[in-house]
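Report on one structure; see the data block that follows.
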Amino acid sequence: MSNIINKRELQVAAIENGTVIDHIPADKLFSVVSLLGLQQMSNKITIGFNFDSKKLGKKGLIKIADKFLTDDELNRLSIVAPHIIMSIIRDFKVVEKHNVEMPSLLRGIVKCTNPKCITNNEPMQTLFQVVDKDNCVIRCHYCEKEQQRNEIQIL
């Protein structure tokens with residue numbers, strides 16, 4: 001009997017320990033790569049682009065060996081690519097898996113677009129309230145200027 005190859009085999013090699021970021025909208029994949037600074041890392045990194053997805057049509061996937069994302073990194077990702085799924089891998093097994101969602105407050109992550117805002121004129125950390133998580137609308141705590149996803153500049 002000959003070996004039969006399973007057509008549903010992994011398209012991307014497994015990692016022993018690290019983080020898998022899945023369900024990245026294909027058009028946001030390279031923004032995520034840049035945001036995480038993956039170009040400067042010496043870790044083994046696998047980037048998959050244009051995989052078929054029932055939810056997204058096409059999706060991206062990133063596997064980073066021996067790296068576990070911080071809350072700050074996850075909050076930044078939630079702005080660029082909402083609804084991604086992050087999995088923590090230890091000994092080749094998924095030990096934690098969750099949807100990444102925007103937090104209620106964004107502290108020191110986003111620049112205010114109002115040039116007169118105190119955060120653009122004094123050395124202080126920005127603070128934004130998330131008004132609408134689904135549509136990514138945020139409001140500056142100090143000047144109350146609202147921004148939508150396409151206006152947001154990540155620090």
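By order in the structure tokens, chains are A, B, ...; within a chain, residues start at 1; ligands start at 1, following the order shown.
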
Please produce, as JSON lines, a per-residue contact table for range 131-150 of chain A versus range 82-91 of chain A (criterion: any atom at most 9 Å away, only C-alpha atoms considered), showing the nearest atom pair and its distance in Å to one decimal, sorted by chain then residue number.
{"residue": "A:Lys133", "atom": "CA", "partner": "A:Pro82", "partner_atom": "CA", "distance": 8.7}
{"residue": "A:Asp134", "atom": "CA", "partner": "A:Pro82", "partner_atom": "CA", "distance": 8.3}
{"residue": "A:Cys136", "atom": "CA", "partner": "A:Pro82", "partner_atom": "CA", "distance": 8.6}

Neighbour list for Glu16 in chain A as JSON, numbers by chain, cut-off 12 Å, only C-alpha atoms, skip fewer than 2 positions in-chain: {"A": [13, 14, 18, 19, 20, 44, 63, 64, 65, 66, 67, 88, 89, 90, 91, 92, 93, 94, 95]}

message: From a backbone DSSP assignment, name each residue in range 43-111 of chain A labelled strand (DSSP E), as a ChimeraX atom specification.
response: /A:45-53,57-65,85-90,93-99,105-107,110-111

task: Find the spatial neighbours of Val32 in chain A, counting only C-alpha atoms, within a cut-off of 12 Å - ignore same-chain residues fewer than 6 positions away - and output them as a ChimeraX atom specification.
output: /A:21-26,38-39,47,60-62,73-82,84,154

- request: Measure the distance from CA of Phe49 in chain A to CA of Ser31 in chain A in Å and round it to one decimal.
  value: 12.5 Å

Could you make a table, as CSV, of the residues of range 62-133 of chain A that have an atom within 9 Å of an atom of range 138-144 of chain A, each with its nearest atom pair and distance in Å to one decimal, counting only C-alpha atoms, in chain and number order?
residue,atom,partner,partner_atom,distance
A:Leu105,CA,A:Ile138,CA,8.8
A:Leu106,CA,A:Ile138,CA,8.6
A:Cys112,CA,A:Cys140,CA,6.7
A:Asn114,CA,A:Cys143,CA,7.8
A:Lys116,CA,A:Cys143,CA,8.4
A:Cys117,CA,A:Cys143,CA,5.7
A:Ile118,CA,A:Tyr142,CA,7.1
A:Thr119,CA,A:Tyr142,CA,7.9
A:Thr126,CA,A:Cys140,CA,7.6
A:Leu127,CA,A:His141,CA,5.6
A:Phe128,CA,A:Cys140,CA,4.5
A:Gln129,CA,A:Arg139,CA,5.2
A:Val130,CA,A:Ile138,CA,4.4
A:Val131,CA,A:Ile138,CA,5.2
A:Asp132,CA,A:Ile138,CA,7.0
A:Lys133,CA,A:Ile138,CA,8.3

- prompt: Just asking: which residues within chain A are helix (DSSP H, G or I) according to DSSP, as a ChimeraX atom specification?
  reply: /A:26-35,38-40,71-80,118-120,149-151

task: Mind giving me the straight-line distance from CA of Asp27 in chain A to CA of Gly57 in chain A in Å, one decimal?
output: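 So the answer is 11.1 Å.
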